Amino acid sequence: MTHILEDLKNRGLVNQVTDEHGLKELLNQEQVKLYCGFDPTGDSLHIGHLLTIITLRRFQLSGHQPYPLVGGATGLIGDPSGKSAERSLNEEEVVKGFSRKIQHQLEKYLDFEGENKAVLVNNYDWIGSMTIIDFLRDTGKHFGVNYMLAKESVEARIKSGISFTEFSYQILQSLDFQYLHDHHGVKLQIGGSDQWGNITAGLELIRRTYGMEESGREPVYGFTIPLVTKADGQKFGKTEGGAVWLDPEKTSPYEFYQFLLNTDDQDVIKFLRYFTFLEEEEIRSLEKEVQERPHERAAQRRLAEELTAFVHDKENLHQAQNITQAFFGGGDLTSLTTAEISQGFKDVPSYRMEEAQMPLVELLIEAGIVTSKRQAREDITNGAVYVNGTRCQDLDYQVEEKDQIDKAFTIIRRGKKKFFLIRWSG
């Protein structure tokens with residue numbers, strides 16, 4: 001079996017390690033407890049968080065024990081890493097609500113049963129009750145200002161300005177590592193490359209607090225994975241509509257699937273290594289497919305299948321595939337369920353149908369699909385109008401009950417790609 005560090009290296013997922021040889025030895029000798037933090041800055045994690053979640057899962061599958069941490073306390077402060085301006089602070093009750101939602105999401109992706117079961121923790125449990133005196137005397141004394149100023153996340157903000165609140169963030173995150181090390185025996189922290197400064201600050205706090213060499217304690221380690229960027233240099237996970245969320249209410253499984261299906265040929269093999277658990281042999285086979293038959297998009301389909309099933313489960317993957325086939329593969333639109341139509345047509349213009357029936361010509365005008373009766377007649381005559389996927393060239397056609405899907409919807413298409421949803425009043 002490939003060593004976890006070797007597997008991560010082969011996948012291009014090793015960015016920085018504080019002591020690679022020592023960490024490899026430790027991972028060989030024992031079940032290592034490791035953690036990664038997720039601050040509740042919103043009500044959902046997004047696809048940018050997925051690589052660290054999957055990396056925790058890789059360690060767990062290799063026999064180690066992950067401690068996913070929800071930053072109920074640090075989320076009240078704000079991490080300056082990767083930010084050019086001060087974050088807006090959320091109210092405590094808002095952050096608690098965000099924390100509960102993110103906790104629920106993390107529970108979906110890791111195994112919370114068995115010998116190496118994941119343990120979910122929230123840093124509000126140990127930071128929330130801390131007094132300012134305790135913070136300054138017991139922790140602050142171990143941090144030199146010059147040391148803190150040298151951190152990239154702080155240095156990048158000195159000219160534009162950084163508050164004492166965000167300046168203190170690295171100390172709070174360091175407290176997490178110290179607490180988990182003391183109370184749970186956690187020896188490894190992982191994160192994205194933008195977290196390197198915060199991770200090494202935690203190592204320094206533990207070293208200064210205990211004097212690792214003198215105390216005989218085993219060393220602790222830090223590890224980062226690369227930030228995910230696309231071939232064009234843009235950050236992965238951003239679309240014209242905003243972030244790609246893990247919450248199906250914010251980004252539907254169909255939208256999630258389509259986002260991955262549209263991955264550029266230059267990125268897809270890298271993303272297969274990053275985000276899936278496929279073996280290298282299969283990935284190389286897919287790489288050959290990209291080179292020889294890029295139009296078939298076999299690698300993109302595999303990426304979309306694997307990740308949609310991981311994030312949203314196989315049933316939602318099947319729905320996303322049904323919608324995709326119906327939209328783009330010549331499938332039967334009438335075979336779609338109400339749930340699939342609601343997903344696939346989430347952002348499509350819609351019209352509420354109050355009448356029991358209406359001439360197609362009039363419906364095209366009423367629904368705002370065309371602007372005039374002349375245009376409606378012309379489009380129908382030219383074969384540019386489809387009712388539930390079937391071309392309609394009958395100028396006298398009546399849209400009625402027979403055209404309803406699940407007694408709720410009728411799908412009108414004008415041209416190749418312009419879809420409109422008719423919602424029937426029940």
# chains A, B, ... in the order shown; residues from 1 in each chain; ligands from 1
>>> residues_around(residues="Glu91 of chain A", least_positions_apart="2", cutoff="12 Å", atoms="only C-alpha atoms", output="list in words")
Pro40, Thr41, Gly42, Gly72, Ala73, Gly75, Leu76, Ile77, Ser88, Leu89, Glu93, Val94, Val95, Lys96, Gly97 and Phe98 of chain A
>>> write_last_selection(atoms="C-alpha atoms", output="PDB file, in the first residue's frame")
ATOM      1  CA  PRO A  40     -17.959  29.770   9.771  1.00  0.00           C
ATOM      2  CA  THR A  41     -17.759  32.960   7.688  1.00  0.00           C
ATOM      3  CA  GLY A  42     -20.939  31.932   5.846  1.00  0.00           C
ATOM      4  CA  GLY A  72     -16.938  29.131  16.386  1.00  0.00           C
ATOM      5  CA  ALA A  73     -14.507  31.517  18.120  1.00  0.00           C
ATOM      6  CA  GLY A  75     -15.059  32.945  13.037  1.00  0.00           C
ATOM      7  CA  LEU A  76     -15.978  35.875  15.292  1.00  0.00           C
ATOM      8  CA  ILE A  77     -12.557  37.440  14.652  1.00  0.00           C
ATOM      9  CA  SER A  88     -16.962  42.447   8.259  1.00  0.00           C
ATOM     10  CA  LEU A  89     -17.665  40.948  11.669  1.00  0.00           C
ATOM     11  CA  GLU A  93     -25.754  34.384  17.110  1.00  0.00           C
ATOM     12  CA  VAL A  94     -25.182  34.523  13.345  1.00  0.00           C
ATOM     13  CA  VAL A  95     -21.804  32.793  13.694  1.00  0.00           C
ATOM     14  CA  LYS A  96     -23.360  30.137  15.945  1.00  0.00           C
ATOM     15  CA  GLY A  97     -25.960  29.470  13.245  1.00  0.00           C
ATOM     16  CA  PHE A  98     -23.242  29.244  10.593  1.00  0.00           C
TER      17      PHE A  98
END
>>> closest_atom_pairs(of="segment 204-274 of chain A", to="segment 118-138 of chain A", cutoff="12 Å", atoms="only C-alpha atoms", output="tab-separated table")
residue	atom	partner	partner_atom	distance
A:Leu205	CA	A:Asp138	CA	10.5
A:Ile206	CA	A:Asp138	CA	11.9
A:Arg208	CA	A:Asp138	CA	11.2
A:Thr209	CA	A:Asp138	CA	8.9
>>> write_last_selection(atoms="N, CA and C atoms", output="mmCIF file, in the first residue's frame")
data_model
loop_
_atom_site.group_PDB
_atom_site.id
_atom_site.type_symbol
_atom_site.label_atom_id
_atom_site.label_comp_id
_atom_site.auth_asym_id
_atom_site.auth_seq_id
_atom_site.Cartn_x
_atom_site.Cartn_y
_atom_site.Cartn_z
ATOM 1 N N LEU A 205 4.092 28.072 19.356
ATOM 2 C CA LEU A 205 3.471 28.202 20.675
ATOM 3 C C LEU A 205 3.673 26.929 21.494
ATOM 4 N N ILE A 206 3.477 25.793 20.859
ATOM 5 C CA ILE A 206 3.650 24.519 21.573
ATOM 6 C C ILE A 206 5.102 24.342 21.991
ATOM 7 N N ARG A 208 7.388 26.713 22.522
ATOM 8 C CA ARG A 208 7.761 27.674 23.562
ATOM 9 C C ARG A 208 7.096 27.331 24.901
ATOM 10 N N THR A 209 5.878 26.835 24.847
ATOM 11 C CA THR A 209 5.154 26.514 26.080
ATOM 12 C C THR A 209 5.807 25.360 26.831
#
>>> residues_around(residues="Asp111 of chain A", least_positions_apart="6", cutoff="9 Å", atoms="only C-alpha atoms", output="list in words")
Arg57, Gln60, Lys117 and Ala118 of chain A
>>> select_by_dssp(residues="segment 180-249 of chain A", states="helix (DSSP H, G or I)", output="list in words")
Leu180, His181, Asp182, His183, His184, Ser193, Asp194, Gln195, Trp196, Gly197, Asn198, Ile199, Thr200, Ala201, Gly202, Leu203, Glu204, Leu205, Ile206, Arg207, Arg208, Thr209, Tyr210, Met212, Glu213, Glu214 and Ser215 of chain A
>>> write_last_selection(atoms="N, CA and C atoms", output="CSV table (one decimal), in the first residue's frame")
chain,number,residue,atom,x,y,z
A,180,LEU,N,-5.7,21.1,21.3
A,180,LEU,CA,-6.0,19.8,20.7
A,180,LEU,C,-4.8,18.9,21.0
A,181,HIS,N,-3.6,19.4,21.0
A,181,HIS,CA,-2.4,18.6,21.4
A,181,HIS,C,-2.5,18.2,22.8
A,182,ASP,N,-2.8,19.1,23.7
A,182,ASP,CA,-2.9,18.8,25.2
A,182,ASP,C,-4.0,17.9,25.5
A,183,HIS,N,-5.2,18.1,25.0
A,183,HIS,CA,-6.4,17.3,25.4
A,183,HIS,C,-6.7,16.1,24.5
A,184,HIS,N,-6.2,16.1,23.3
A,184,HIS,CA,-6.5,15.0,22.4
A,184,HIS,C,-5.3,14.3,21.8
A,193,SER,N,-2.2,26.4,1.6
A,193,SER,CA,-0.9,27.1,1.6
A,193,SER,C,-1.0,28.5,2.3
A,194,ASP,N,-2.2,29.1,2.2
A,194,ASP,CA,-2.4,30.4,2.8
A,194,ASP,C,-2.4,30.3,4.4
A,195,GLN,N,-2.4,29.1,4.9
A,195,GLN,CA,-2.5,28.9,6.3
A,195,GLN,C,-1.1,28.6,6.9
A,196,TRP,N,-0.1,28.6,6.1
A,196,TRP,CA,1.3,28.2,6.6
A,196,TRP,C,1.7,29.1,7.8
A,197,GLY,N,1.5,30.4,7.7
A,197,GLY,CA,1.9,31.3,8.8
A,197,GLY,C,1.2,30.9,10.1
A,198,ASN,N,-0.1,30.7,10.0
A,198,ASN,CA,-0.9,30.3,11.2
A,198,ASN,C,-0.5,29.0,11.8
A,199,ILE,N,-0.2,28.0,10.9
A,199,ILE,CA,0.2,26.7,11.3
A,199,ILE,C,1.5,26.7,12.0
A,200,THR,N,2.5,27.4,11.5
A,200,THR,CA,3.8,27.5,12.1
A,200,THR,C,3.8,28.3,13.4
A,201,ALA,N,2.9,29.2,13.5
A,201,ALA,CA,2.7,29.9,14.8
A,201,ALA,C,2.2,29.0,15.8
A,202,GLY,N,1.3,28.0,15.5
A,202,GLY,CA,0.9,27.0,16.4
A,202,GLY,C,2.0,26.1,16.9
A,203,LEU,N,2.8,25.7,16.0
A,203,LEU,CA,4.0,24.9,16.3
A,203,LEU,C,4.9,25.6,17.3
A,204,GLU,N,5.1,26.9,17.0
A,204,GLU,CA,6.0,27.8,17.8
A,204,GLU,C,5.4,27.9,19.2
A,205,LEU,N,4.1,28.1,19.4
A,205,LEU,CA,3.5,28.2,20.7
A,205,LEU,C,3.7,26.9,21.5
A,206,ILE,N,3.5,25.8,20.9
A,206,ILE,CA,3.7,24.5,21.6
A,206,ILE,C,5.1,24.3,22.0
A,207,ARG,N,6.0,24.7,21.1
A,207,ARG,CA,7.4,24.5,21.4
A,207,ARG,C,7.8,25.4,22.6
A,208,ARG,N,7.4,26.7,22.5
A,208,ARG,CA,7.8,27.7,23.6
A,208,ARG,C,7.1,27.3,24.9
A,209,THR,N,5.9,26.8,24.8
A,209,THR,CA,5.2,26.5,26.1
A,209,THR,C,5.8,25.4,26.8
A,210,TYR,N,6.2,24.4,26.1
A,210,TYR,CA,6.7,23.1,26.7
A,210,TYR,C,8.2,22.9,26.6
A,212,MET,N,9.9,21.5,23.8
A,212,MET,CA,9.7,20.1,23.4
A,212,MET,C,10.9,19.2,23.7
A,213,GLU,N,12.1,19.7,23.4
A,213,GLU,CA,13.3,18.9,23.6
A,213,GLU,C,13.5,18.6,25.0
A,214,GLU,N,13.4,19.6,25.9
A,214,GLU,CA,13.6,19.4,27.3
A,214,GLU,C,12.5,18.6,28.0
A,215,SER,N,11.3,18.7,27.5
A,215,SER,CA,10.2,18.0,28.2
A,215,SER,C,10.1,16.6,27.7
>>> atom_distance(atom1="atom CA of Tyr257 of chain A", atom2="atom CA of Leu303 of chain A")
8.9 Å
>>> residues_around(residues="segment 5-11 of chain A", least_positions_apart="2", cutoff="7 Å", atoms="only C-alpha atoms", output="list in words")
Thr2, His3, Leu13, Val14, Lys24, Arg273 and Tyr274 of chain A
>>> residues_around(residues="Gly22 of chain A", least_positions_apart="5", cutoff="9 Å", atoms="only C-alpha atoms", output="JSON, numbers by chain")
{"A": [27, 219, 221]}
>>> write_last_selection(atoms="N, CA and C atoms", output="mmCIF file, in the first residue's frame")
data_model
loop_
_atom_site.group_PDB
_atom_site.id
_atom_site.type_symbol
_atom_site.label_atom_id
_atom_site.label_comp_id
_atom_site.auth_asym_id
_atom_site.auth_seq_id
_atom_site.Cartn_x
_atom_site.Cartn_y
_atom_site.Cartn_z
ATOM 1 N N LEU A 27 3.935 8.806 10.901
ATOM 2 C CA LEU A 27 2.780 8.188 10.241
ATOM 3 C C LEU A 27 2.965 6.681 10.078
ATOM 4 N N PRO A 219 7.569 15.696 18.853
ATOM 5 C CA PRO A 219 7.338 16.910 18.066
ATOM 6 C C PRO A 219 5.970 16.894 17.385
ATOM 7 N N TYR A 221 3.704 18.667 13.950
ATOM 8 C CA TYR A 221 4.023 18.930 12.552
ATOM 9 C C TYR A 221 2.958 19.797 11.882
#
>>> atom_distance(atom1="atom CA of Leu106 of chain A", atom2="atom CA of Glu152 of chain A")
28.6 Å
>>> closest_residue(among="A:Phe409, A:Phe167, A:Phe59, A:Phe419", to="Ala384 of chain A", atoms="only C-alpha atoms")
A:Phe419
